[in-house]
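Student: Pasting structure37.cif here (mmCIF, C-alpha atoms):
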```cif
data_target
#
loop_
_atom_site.label_atom_id
_atom_site.label_comp_id
_atom_site.auth_asym_id
_atom_site.auth_seq_id
_atom_site.Cartn_x
_atom_site.Cartn_y
_atom_site.Cartn_z
CA MET A 1 147.03 26.60 119.60
CA ASN A 2 147.71 26.74 123.36
CA GLU A 3 146.45 29.56 125.57
CA LEU A 4 149.80 31.34 125.78
CA THR A 5 149.94 31.61 122.00
CA SER A 6 146.35 32.85 121.94
CA ILE A 7 147.21 35.51 124.52
CA GLU A 8 150.22 36.72 122.53
CA SER A 9 148.17 36.69 119.39
CA ARG A 10 145.41 38.77 121.02
CA ILE A 11 147.93 41.29 122.38
CA ASN A 12 149.62 41.57 118.99
CA GLN A 13 146.24 42.05 117.34
CA TYR A 14 145.59 45.06 119.60
CA LEU A 15 149.10 46.45 119.10
CA ASP A 16 148.88 46.03 115.31
CA ALA A 17 145.56 47.87 115.33
CA VAL A 18 147.17 50.73 117.28
CA ARG A 19 150.19 50.72 114.95
CA GLU A 20 147.87 51.20 111.98
CA GLN A 21 146.52 54.37 113.55
CA LEU A 22 149.95 55.93 114.07
CA SER A 23 150.74 56.57 110.42
CA GLY A 24 151.66 60.22 110.96
CA LEU A 25 154.52 59.52 113.37
CA THR A 26 158.13 58.50 112.77
CA GLU A 27 159.06 54.83 112.95
CA GLY A 28 160.92 55.46 116.21
CA GLU A 29 157.91 57.10 117.82
CA VAL A 30 155.61 54.31 116.68
CA ASP A 31 157.95 51.63 118.05
CA SER A 32 158.27 53.55 121.29
CA ILE A 33 154.48 53.77 121.76
CA ILE A 34 154.00 50.11 120.86
CA ASP A 35 156.74 49.00 123.29
CA ASP A 36 155.25 51.16 126.04
CA LEU A 37 151.81 49.71 125.40
CA ARG A 38 153.23 46.18 125.58
CA GLY A 39 154.79 47.07 128.92
CA HIS A 40 151.51 48.68 130.00
CA ILE A 41 149.58 45.47 129.34
CA ASP A 42 152.04 43.42 131.42
CA ALA A 43 152.07 46.00 134.22
CA ALA A 44 148.26 46.11 134.24
CA MET A 45 148.11 42.31 134.46
CA GLN A 46 150.52 42.37 137.39
CA ALA A 47 148.61 45.18 139.08
CA HIS A 48 145.41 43.15 138.84
CA GLY A 49 147.27 40.18 140.29
CA ASP A 50 145.80 38.12 137.48
CA GLN A 51 147.17 35.02 135.84
CA PRO A 52 147.77 35.60 132.15
CA THR A 53 144.66 33.99 130.71
CA LEU A 54 142.85 35.01 127.56
CA GLU A 55 139.92 36.20 129.66
CA ASN A 56 142.14 38.40 131.85
CA ILE A 57 143.93 39.85 128.84
CA GLU A 58 140.57 40.72 127.30
CA ALA A 59 139.61 42.47 130.55
CA VAL A 60 142.86 44.49 130.55
CA LEU A 61 142.48 45.42 126.88
CA ALA A 62 138.87 46.44 127.49
CA GLU A 63 140.10 48.95 130.09
CA MET A 64 142.62 50.41 127.67
CA ASP A 65 141.97 53.02 125.00
CA PRO A 66 140.62 51.62 121.75
CA PRO A 67 143.13 51.73 118.86
CA GLU A 68 141.35 54.55 117.02
CA THR A 69 142.00 56.96 119.90
CA PHE A 70 145.72 56.79 119.11
CA VAL A 71 145.37 58.72 115.86
CA PRO A 72 147.95 61.49 116.27
CA ASP A 73 147.07 65.13 115.97
CA LEU A 74 149.61 65.84 113.23
CA ASN A 75 149.28 69.56 113.50
CA GLU A 76 150.38 69.23 117.09
CA THR A 77 152.99 66.48 116.81
CA THR A 78 154.83 67.39 113.63
CA GLY A 79 153.52 70.81 112.66
CA VAL A 80 152.40 69.30 109.36
CA VAL A 81 148.89 70.09 108.19
CA PRO A 82 147.75 67.20 105.98
CA LYS A 83 146.66 68.13 102.45
CA VAL A 84 144.11 66.43 100.28
CA SER A 85 145.88 64.26 97.68
CA ARG A 86 146.04 66.08 94.35
CA THR A 87 146.02 62.76 92.53
CA ALA A 88 142.74 61.87 94.23
CA ILE A 89 141.29 65.26 93.28
CA ILE A 90 142.35 64.86 89.63
CA GLY A 91 140.82 61.38 89.70
CA ALA A 92 137.55 62.82 91.02
CA VAL A 93 137.51 65.49 88.32
CA LEU A 94 138.10 62.84 85.64
CA LEU A 95 135.36 60.75 87.21
CA LEU A 96 132.85 63.58 86.94
CA PHE A 97 134.01 64.38 83.43
CA GLY A 98 133.64 60.72 82.47
CA ILE A 99 130.12 60.59 83.85
CA LEU A 100 129.13 63.76 81.99
CA MET A 101 130.60 62.43 78.74
CA ALA A 102 128.88 59.10 79.21
CA ILE A 103 125.56 60.87 79.76
CA ARG A 104 126.11 63.01 76.67
CA PHE A 105 127.10 59.97 74.66
CA LEU A 106 124.58 57.45 75.83
CA ILE A 107 121.37 59.33 76.37
CA PRO A 108 119.47 59.84 73.15
CA GLY A 109 117.55 63.02 72.52
CA ILE A 110 120.17 65.45 73.74
CA THR A 111 120.23 68.61 71.67
CA TYR A 112 123.21 68.97 69.44
CA SER A 113 124.07 72.21 67.74
CA ALA A 114 124.53 71.57 64.05
CA VAL A 115 125.35 74.11 61.42
CA ASP A 116 121.82 74.06 60.11
CA GLY A 117 120.23 74.65 63.46
CA ILE A 118 119.51 72.71 66.60
CA THR A 119 118.96 69.05 66.06
CA ILE A 120 117.40 66.71 68.53
CA SER A 121 119.40 63.62 68.02
CA ASN A 122 122.18 61.44 69.30
CA VAL A 123 125.75 62.59 69.04
CA PRO A 124 126.72 62.63 65.35
CA GLU A 125 128.66 59.70 63.96
CA SER A 126 131.69 61.88 63.20
CA ILE A 127 132.56 62.52 66.81
CA ARG A 128 130.94 59.45 68.35
CA TRP A 129 134.12 57.39 68.13
CA GLN A 130 136.21 60.12 69.70
CA TRP A 131 133.78 60.20 72.58
CA LEU A 132 133.71 56.46 72.85
CA LEU A 133 137.49 56.50 73.11
CA LEU A 134 137.35 59.11 75.85
CA VAL A 135 134.63 57.26 77.71
CA THR A 136 136.81 54.15 77.80
CA ILE A 137 140.04 55.97 78.64
CA LEU A 138 138.57 58.12 81.41
CA PRO A 139 137.40 55.21 83.59
CA LEU A 140 140.77 53.53 83.22
CA ALA A 141 142.63 56.74 84.09
CA THR A 142 140.31 57.43 87.05
CA THR A 143 140.77 53.94 88.46
CA ILE A 144 144.55 54.10 88.08
CA LEU A 145 144.67 57.58 89.68
CA GLY A 146 142.56 56.26 92.55
CA LEU A 147 144.95 53.38 93.15
CA VAL A 148 147.99 55.65 92.90
CA SER A 149 146.49 58.19 95.31
CA ILE A 150 145.67 55.48 97.86
CA SER A 151 149.27 54.29 97.85
CA GLN A 152 150.54 57.89 98.01
CA ILE A 153 148.29 58.69 100.97
CA ARG A 154 149.37 55.55 102.80
CA ALA A 155 153.05 56.25 102.15
CA SER A 156 152.78 59.92 103.13
CA LYS A 157 152.64 59.12 106.88
CA GLY A 158 149.76 61.49 107.45
CA LYS A 159 150.93 64.35 105.24
CA LEU A 160 148.26 63.55 102.68
CA MET A 161 144.59 62.82 103.26
CA GLY A 162 141.58 62.03 101.09
CA LYS A 163 141.32 58.26 101.34
CA PRO A 164 137.52 58.28 100.86
CA LEU A 165 137.89 60.31 97.65
CA ALA A 166 140.68 58.03 96.42
CA LEU A 167 138.53 55.00 97.17
CA VAL A 168 135.62 56.44 95.19
CA ASP A 169 138.01 57.08 92.26
CA THR A 170 139.29 53.52 92.47
CA LEU A 171 136.01 51.71 92.88
CA PHE A 172 133.47 53.73 90.91
CA TYR A 173 134.05 52.34 87.43
CA PRO A 174 134.94 48.77 88.38
CA LEU A 175 131.75 48.65 90.45
CA LEU A 176 129.79 50.12 87.57
CA VAL A 177 131.03 47.34 85.30
CA LEU A 178 130.30 44.75 87.98
CA ASP A 179 126.81 46.20 88.46
CA GLY A 180 126.16 46.04 84.73
CA LEU A 181 127.28 42.43 84.55
CA LEU A 182 125.26 41.46 87.61
CA ILE A 183 122.11 43.14 86.35
CA ALA A 184 122.50 41.57 82.91
CA PHE A 185 122.95 38.17 84.53
CA MET A 186 120.00 38.65 86.88
CA PHE A 187 117.78 39.81 84.03
CA MET A 188 118.67 36.75 82.02
CA ILE A 189 117.59 34.58 84.93
CA ILE A 190 114.46 36.66 85.51
CA ALA A 191 113.49 36.36 81.84
CA THR A 192 113.84 32.61 82.08
CA ILE A 193 111.89 32.06 85.28
CA THR A 194 109.08 34.63 84.99
CA ASP A 195 107.96 33.67 81.51
CA GLY A 196 106.60 37.12 80.71
CA HIS A 197 104.74 37.60 84.01
CA LEU A 198 104.99 41.39 84.34
CA ALA A 199 104.39 41.85 88.09
CA LEU A 200 106.83 39.09 88.98
CA THR A 201 109.41 40.49 86.55
CA GLU A 202 109.14 43.93 88.12
CA SER A 203 109.49 42.59 91.65
CA LEU A 204 112.52 40.49 90.75
CA ALA A 205 114.08 43.40 88.87
CA LEU A 206 113.71 45.57 91.96
CA LEU A 207 115.25 42.80 94.01
CA SER A 208 118.15 42.67 91.55
CA TYR A 209 118.81 46.39 91.94
CA LEU A 210 118.76 46.00 95.71
CA LEU A 211 121.16 43.08 95.49
CA VAL A 212 123.53 45.12 93.34
CA ILE A 213 123.44 48.00 95.82
CA ILE A 214 124.16 45.59 98.68
CA VAL A 215 127.08 44.04 96.76
CA ASP A 216 128.47 47.54 96.08
CA LEU A 217 128.16 48.47 99.74
CA ILE A 218 129.85 45.28 100.91
CA ILE A 219 132.74 45.75 98.50
CA GLY A 220 133.01 49.42 99.49
CA VAL A 221 133.09 48.63 103.21
CA ILE A 222 135.64 45.82 102.77
CA ALA A 223 137.85 48.05 100.62
CA TRP A 224 137.58 50.89 103.14
CA HIS A 225 138.66 48.61 105.98
CA LYS A 226 141.57 47.38 103.87
CA ILE A 227 142.92 50.87 103.18
CA ARG A 228 142.24 52.48 106.57
CA MET B 1 133.67 66.74 129.27
CA ASN B 2 134.03 70.38 128.26
CA ARG B 3 136.32 70.90 125.30
CA TRP B 4 138.29 73.62 127.04
CA ILE B 5 139.13 71.29 129.93
CA THR B 6 140.37 68.64 127.49
CA GLN B 7 142.51 71.21 125.67
CA LEU B 8 143.92 72.61 128.92
CA ARG B 9 144.81 69.13 130.19
CA LYS B 10 146.39 68.28 126.89
CA GLY B 11 148.58 71.34 127.10
CA LEU B 12 149.57 70.59 130.67
CA LEU B 13 150.29 66.92 130.20
CA GLU B 14 153.73 67.33 128.68
CA TYR B 15 154.68 69.77 131.43
CA LEU B 16 153.48 67.40 134.16
CA THR B 17 155.16 64.39 132.56
CA LEU B 18 158.46 66.26 132.42
CA ASN B 19 158.07 67.15 136.09
CA ILE B 20 157.40 63.54 137.07
CA LEU B 21 160.50 62.46 135.14
CA ASN B 22 162.44 65.26 136.78
CA GLN B 23 161.79 63.62 140.14
CA LYS B 24 162.63 60.04 139.24
CA GLU B 25 163.27 57.54 136.51
CA THR B 26 160.01 55.74 135.82
CA TYR B 27 157.99 53.80 133.24
CA GLY B 28 154.88 54.72 131.28
CA TYR B 29 152.35 52.75 133.29
CA GLU B 30 153.56 54.35 136.52
CA ILE B 31 153.37 57.85 135.02
CA ILE B 32 149.71 57.20 134.17
CA GLN B 33 149.10 55.90 137.71
CA ILE B 34 150.73 58.97 139.26
CA LEU B 35 148.75 61.39 137.10
CA ASN B 36 145.51 59.56 137.75
CA THR B 37 145.90 59.89 141.52
CA PHE B 38 144.88 63.52 140.97
CA GLU B 39 141.19 63.96 140.37
CA SER B 40 141.73 66.83 137.97
CA MET B 41 143.90 64.68 135.70
CA ASP B 42 142.22 61.76 134.02
CA VAL B 43 144.76 60.43 131.54
CA THR B 44 145.04 57.29 129.46
CA GLU B 45 147.62 55.48 127.36
CA SER B 46 146.67 57.21 124.12
CA THR B 47 147.62 60.59 125.59
CA VAL B 48 150.68 59.74 127.68
CA TYR B 49 152.63 57.32 125.46
CA PRO B 50 152.73 59.60 122.40
CA ILE B 51 154.09 62.36 124.66
CA LEU B 52 156.82 60.05 125.99
CA ALA B 53 157.69 59.02 122.43
CA ARG B 54 157.91 62.66 121.38
CA LEU B 55 160.03 63.64 124.40
CA ASN B 56 162.35 60.78 123.52
CA LYS B 57 162.50 61.77 119.85
CA ASP B 58 163.18 65.41 120.69
CA GLY B 59 166.00 64.44 123.05
CA PHE B 60 164.29 65.56 126.29
CA ALA B 61 163.94 62.03 127.67
CA GLN B 62 165.95 58.85 127.34
CA VAL B 63 164.92 55.22 127.65
CA ARG B 64 166.61 52.46 129.59
CA LYS B 65 165.39 48.93 129.10
CA SER B 66 165.34 46.77 132.20
CA PRO B 67 164.58 43.02 132.13
CA SER B 68 161.18 42.07 133.45
CA PRO B 69 160.43 38.56 134.79
CA ASP B 70 156.88 38.61 133.44
CA GLY B 71 157.26 39.90 129.95
CA PRO B 72 159.36 41.97 127.59
CA PRO B 73 161.91 44.41 129.04
CA ARG B 74 160.37 47.36 130.89
CA ARG B 75 161.16 50.77 129.44
CA TYR B 76 162.27 53.30 132.04
CA TYR B 77 162.25 56.97 131.10
CA SER B 78 164.50 59.64 132.56
CA LEU B 79 165.33 63.20 131.61
CA THR B 80 168.39 64.08 129.57
CA PRO B 81 170.34 67.27 130.44
CA LYS B 82 168.35 68.95 127.64
CA GLY B 83 165.13 67.72 129.27
CA LYS B 84 166.23 69.02 132.68
CA ALA B 85 166.97 72.41 131.18
CA ARG B 86 163.56 72.41 129.51
CA VAL B 87 161.70 71.52 132.71
CA ALA B 88 163.57 74.26 134.59
CA GLN B 89 162.55 76.76 131.94
CA MET B 90 158.97 75.54 132.00
CA ASN B 91 158.76 75.73 135.79
CA GLN B 92 160.09 79.25 135.70
CA TYR B 93 157.55 80.27 133.10
CA TRP B 94 154.80 78.48 134.99
CA GLU B 95 155.55 80.56 138.09
CA LEU B 96 155.34 83.71 136.02
CA LEU B 97 152.11 82.56 134.43
CA ASN B 98 150.65 81.69 137.79
CA GLN B 99 151.52 85.11 139.18
CA THR B 100 149.92 86.76 136.17
CA ILE B 101 146.75 84.74 136.61
CA GLN B 102 146.60 85.60 140.30
CA GLN B 103 147.12 89.28 139.59
CA ILE B 104 144.46 89.36 136.90
CA ARG B 105 141.99 87.46 139.07
CA SER B 106 142.58 89.71 142.08
CA LYS B 107 141.96 92.83 139.98
CA THR B 108 138.68 91.65 138.52
#
```
The structure in this file should be written as structure tokens.
Tutor:
Amino acid sequence: MNELTSIESRINQYLDAVREQLSGLTEGEVDSIIDDLRGHIDAAMQAHGDQPTLENIEAVLAEMDPPETFVPDLNETTGVVPKVSRTAIIGAVLLLFGILMAIRFLIPGITYSAVDGITISNVPESIRWQWLLLVTILPLATTILGLVSISQIRASKGKLMGKPLALVDTLFYPLLVLDGLLIAFMFMIIATITDGHLALTESLALLSYLLVIIVDLIIGVIAWHKIR
Amino acid sequence: MNRWITQLRKGLLEYLTLNILNQKETYGYEIIQILNTFESMDVTESTVYPILARLNKDGFAQVRKSPSPDGPPRRYYSLTPKGKARVAQMNQYWELLNQTIQQIRSKT
């Protein structure tokens, strides 16, 4: 790649980053701002009397506003006050409901009111399958609602907000499954290499949990950057 | 910087931009340069270009593209008749506002 291509590529990278921030404006307004910024970069280069080198372009871009400062104040520009996505809210409610049901279903020793008094036991067999069905459907519904709300928010051009909530809806259950698989895999390895050594097993188990948290964080951050 | 100064500048920026365009046809970079010659106005691209885009969208300003030897065509802004009427109205109101401020300040 020659330097001229690199320069164009760097300028376009900046302009694309700005364009991403202008989601609340009309297409015409966005194009207008981007064209003005392109002209601004050229005019700034001329004003500096600089040759168009990658270094000089970087210097000009460093003097300009960072892309995130271009986020429009929608209330001011369009009179539209963005609302939190209802789909994301419903997803969050389902998520909480799913967690509560899972707790009720999975944790033994929860009191259950039977006809003959209070029993300390698991959930009775008769309704266990109904719950199991719900516990499997709820995560699926939550994840789908999360994905739908992300696309709705992105398509709303700033009229809807709540991307973090939508992301939590989308990622919570898939990450939970991933965490379960990772921990199961790590524990299999730990069981093989520690040969019953308790202290070592505990240390490696702790390390596994940390690793899982780090993986979750990395996936979360990558996903956030993708949807911003 | 104090929040009230930022808010006040923000409110004034459209008015000042319209007045610059009322004097001559010009391009975004030059508008920023003109505004920044005044110490009280410290403006950047992220504040001026959205205003120009909005003025254009609302029919107060129009754009003429002129070829540039060093890059893409330069975009020159000028006021439309609607924009000229708006700036005249704004100037009139500004005078009234200014008088009011002076009167209030002289009484206190």
Student: Using all atoms listed in the file, which residues sit within 12 Å of A:Gly220 once same-chain residues fewer than 4 positions away are excluded, as a list in words?
Tutor: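 In the requested form, the answer reads Pro164, Ala166, Leu167, Val168, Asp169, Thr170, Leu171, Phe172, Pro174, Leu175, Ile213, Ile214, Val215, Asp216, Trp224, His225, Lys226 and Ile227 of chain A.
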Student: Evaluate the PyMOL selection byres ((chain B) within 10 of (chain A)) here and jot the selected residues down as an MDAnalysis selection string.
Tutor: chainID B and resid 27:30 32 44:57 63 68 70:76
Student: Take the residues from that selection and put them in a file with C-alpha atoms, as a PDB file, keeping the file's coordinate frame.
Tutor:
```pdb
ATOM      1  CA  TYR B  27     157.990  53.800 133.240  1.00  0.00           C
ATOM      2  CA  GLY B  28     154.880  54.720 131.280  1.00  0.00           C
ATOM      3  CA  TYR B  29     152.350  52.750 133.290  1.00  0.00           C
ATOM      4  CA  GLU B  30     153.560  54.350 136.520  1.00  0.00           C
ATOM      5  CA  ILE B  32     149.710  57.200 134.170  1.00  0.00           C
ATOM      6  CA  THR B  44     145.040  57.290 129.460  1.00  0.00           C
ATOM      7  CA  GLU B  45     147.620  55.480 127.360  1.00  0.00           C
ATOM      8  CA  SER B  46     146.670  57.210 124.120  1.00  0.00           C
ATOM      9  CA  THR B  47     147.620  60.590 125.590  1.00  0.00           C
ATOM     10  CA  VAL B  48     150.680  59.740 127.680  1.00  0.00           C
ATOM     11  CA  TYR B  49     152.630  57.320 125.460  1.00  0.00           C
ATOM     12  CA  PRO B  50     152.730  59.600 122.400  1.00  0.00           C
ATOM     13  CA  ILE B  51     154.090  62.360 124.660  1.00  0.00           C
ATOM     14  CA  LEU B  52     156.820  60.050 125.990  1.00  0.00           C
ATOM     15  CA  ALA B  53     157.690  59.020 122.430  1.00  0.00           C
ATOM     16  CA  ARG B  54     157.910  62.660 121.380  1.00  0.00           C
ATOM     17  CA  LEU B  55     160.030  63.640 124.400  1.00  0.00           C
ATOM     18  CA  ASN B  56     162.350  60.780 123.520  1.00  0.00           C
ATOM     19  CA  LYS B  57     162.500  61.770 119.850  1.00  0.00           C
ATOM     20  CA  VAL B  63     164.920  55.220 127.650  1.00  0.00           C
ATOM     21  CA  SER B  68     161.180  42.070 133.450  1.00  0.00           C
ATOM     22  CA  ASP B  70     156.880  38.610 133.440  1.00  0.00           C
ATOM     23  CA  GLY B  71     157.260  39.900 129.950  1.00  0.00           C
ATOM     24  CA  PRO B  72     159.360  41.970 127.590  1.00  0.00           C
ATOM     25  CA  PRO B  73     161.910  44.410 129.040  1.00  0.00           C
ATOM     26  CA  ARG B  74     160.370  47.360 130.890  1.00  0.00           C
ATOM     27  CA  ARG B  75     161.160  50.770 129.440  1.00  0.00           C
ATOM     28  CA  TYR B  76     162.270  53.300 132.040  1.00  0.00           C
TER      29      TYR B  76
END
```
Student: Could you state which residues are captured by the PyMOL selection byres ((chain B and resi 80) around 7) in this file, as a PDB file with C-alpha atoms, keeping the file's coordinate frame?
Tutor:
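That gives us out-v2.pdb:
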```pdb
ATOM      1  CA  GLY B  59     166.000  64.440 123.050  1.00  0.00           C
ATOM      2  CA  PHE B  60     164.290  65.560 126.290  1.00  0.00           C
ATOM      3  CA  ALA B  61     163.940  62.030 127.670  1.00  0.00           C
ATOM      4  CA  GLN B  62     165.950  58.850 127.340  1.00  0.00           C
ATOM      5  CA  SER B  78     164.500  59.640 132.560  1.00  0.00           C
ATOM      6  CA  LEU B  79     165.330  63.200 131.610  1.00  0.00           C
ATOM      7  CA  PRO B  81     170.340  67.270 130.440  1.00  0.00           C
ATOM      8  CA  LYS B  82     168.350  68.950 127.640  1.00  0.00           C
ATOM      9  CA  GLY B  83     165.130  67.720 129.270  1.00  0.00           C
ATOM     10  CA  LYS B  84     166.230  69.020 132.680  1.00  0.00           C
TER      11      LYS B  84
END
```
Student: Just want the 10 Å neighbourhood of A:Phe97, counted on all atoms listed in the file, with same-chain residues fewer than 4 positions away dropped. Output as a ChimeraX atom specification.
Tutor: /A:91-93,101-103,134-135,138-139
Student: Show me, as a list in words, the residues that have an atom within 9 Å of B:Met41 when counting only C-alpha atoms, minus same-chain residues fewer than 4 positions from it.
Tutor: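 Listed by chain and then number, they are Arg9, Leu13, Leu35, Asn36 and Thr37 of chain B.
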Student: Would you fill out stretch 174-198 of chain A with N, CA and C atoms and return it as a compact mmCIF listing (two decimals), in the coordinates of the input?
Tutor:
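Dumped to out_5.txt:
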```txt
# COMPACT_ATOMS: atom_id res chain seq x y z
N PRO A 174 135.01 50.24 88.26
CA PRO A 174 134.94 48.77 88.38
C PRO A 174 133.60 48.29 88.93
N LEU A 175 133.04 49.05 89.91
CA LEU A 175 131.75 48.65 90.45
C LEU A 175 130.64 48.84 89.42
N LEU A 176 130.79 49.87 88.62
CA LEU A 176 129.79 50.12 87.57
C LEU A 176 129.76 48.95 86.59
N VAL A 177 130.94 48.48 86.22
CA VAL A 177 131.03 47.34 85.30
C VAL A 177 130.43 46.10 85.96
N LEU A 178 130.82 45.91 87.25
CA LEU A 178 130.30 44.75 87.98
C LEU A 178 128.77 44.82 88.07
N ASP A 179 128.26 46.02 88.36
CA ASP A 179 126.81 46.20 88.46
C ASP A 179 126.13 45.85 87.15
N GLY A 180 126.72 46.32 86.05
CA GLY A 180 126.16 46.04 84.73
C GLY A 180 126.11 44.55 84.46
N LEU A 181 127.22 43.88 84.78
CA LEU A 181 127.28 42.43 84.55
C LEU A 181 126.27 41.69 85.43
N LEU A 182 126.19 42.12 86.68
CA LEU A 182 125.26 41.46 87.61
C LEU A 182 123.82 41.64 87.16
N ILE A 183 123.49 42.87 86.77
CA ILE A 183 122.11 43.14 86.35
C ILE A 183 121.78 42.36 85.07
N ALA A 184 122.73 42.32 84.15
CA ALA A 184 122.50 41.57 82.91
C ALA A 184 122.26 40.09 83.24
N PHE A 185 123.08 39.58 84.16
CA PHE A 185 122.95 38.17 84.53
C PHE A 185 121.61 37.91 85.22
N MET A 186 121.25 38.81 86.14
CA MET A 186 120.00 38.65 86.88
C MET A 186 118.81 38.73 85.92
N PHE A 187 118.89 39.64 84.96
CA PHE A 187 117.78 39.81 84.03
C PHE A 187 117.63 38.59 83.12
N MET A 188 118.76 37.98 82.82
CA MET A 188 118.67 36.75 82.02
C MET A 188 117.92 35.67 82.80
N ILE A 189 118.26 35.58 84.09
CA ILE A 189 117.59 34.58 84.93
C ILE A 189 116.12 34.93 85.08
N ILE A 190 115.85 36.22 85.32
CA ILE A 190 114.46 36.66 85.51
C ILE A 190 113.63 36.34 84.26
N ALA A 191 114.20 36.62 83.09
CA ALA A 191 113.49 36.36 81.84
C ALA A 191 113.16 34.88 81.70
N THR A 192 114.06 34.05 82.19
CA THR A 192 113.84 32.61 82.08
C THR A 192 112.76 32.12 83.03
N ILE A 193 112.81 32.64 84.28
CA ILE A 193 111.89 32.06 85.28
C ILE A 193 110.51 32.73 85.33
N THR A 194 110.39 33.96 84.84
CA THR A 194 109.08 34.63 84.99
C THR A 194 108.15 34.36 83.80
N ASP A 195 108.73 34.01 82.70
CA ASP A 195 107.96 33.67 81.51
C ASP A 195 106.95 34.76 81.14
N GLY A 196 107.42 36.00 81.16
CA GLY A 196 106.60 37.12 80.71
C GLY A 196 105.61 37.65 81.75
N HIS A 197 105.65 37.12 82.94
CA HIS A 197 104.74 37.60 84.01
C HIS A 197 105.24 38.97 84.49
N LEU A 198 104.49 40.03 84.15
CA LEU A 198 104.99 41.39 84.34
C LEU A 198 105.26 41.76 85.81
```
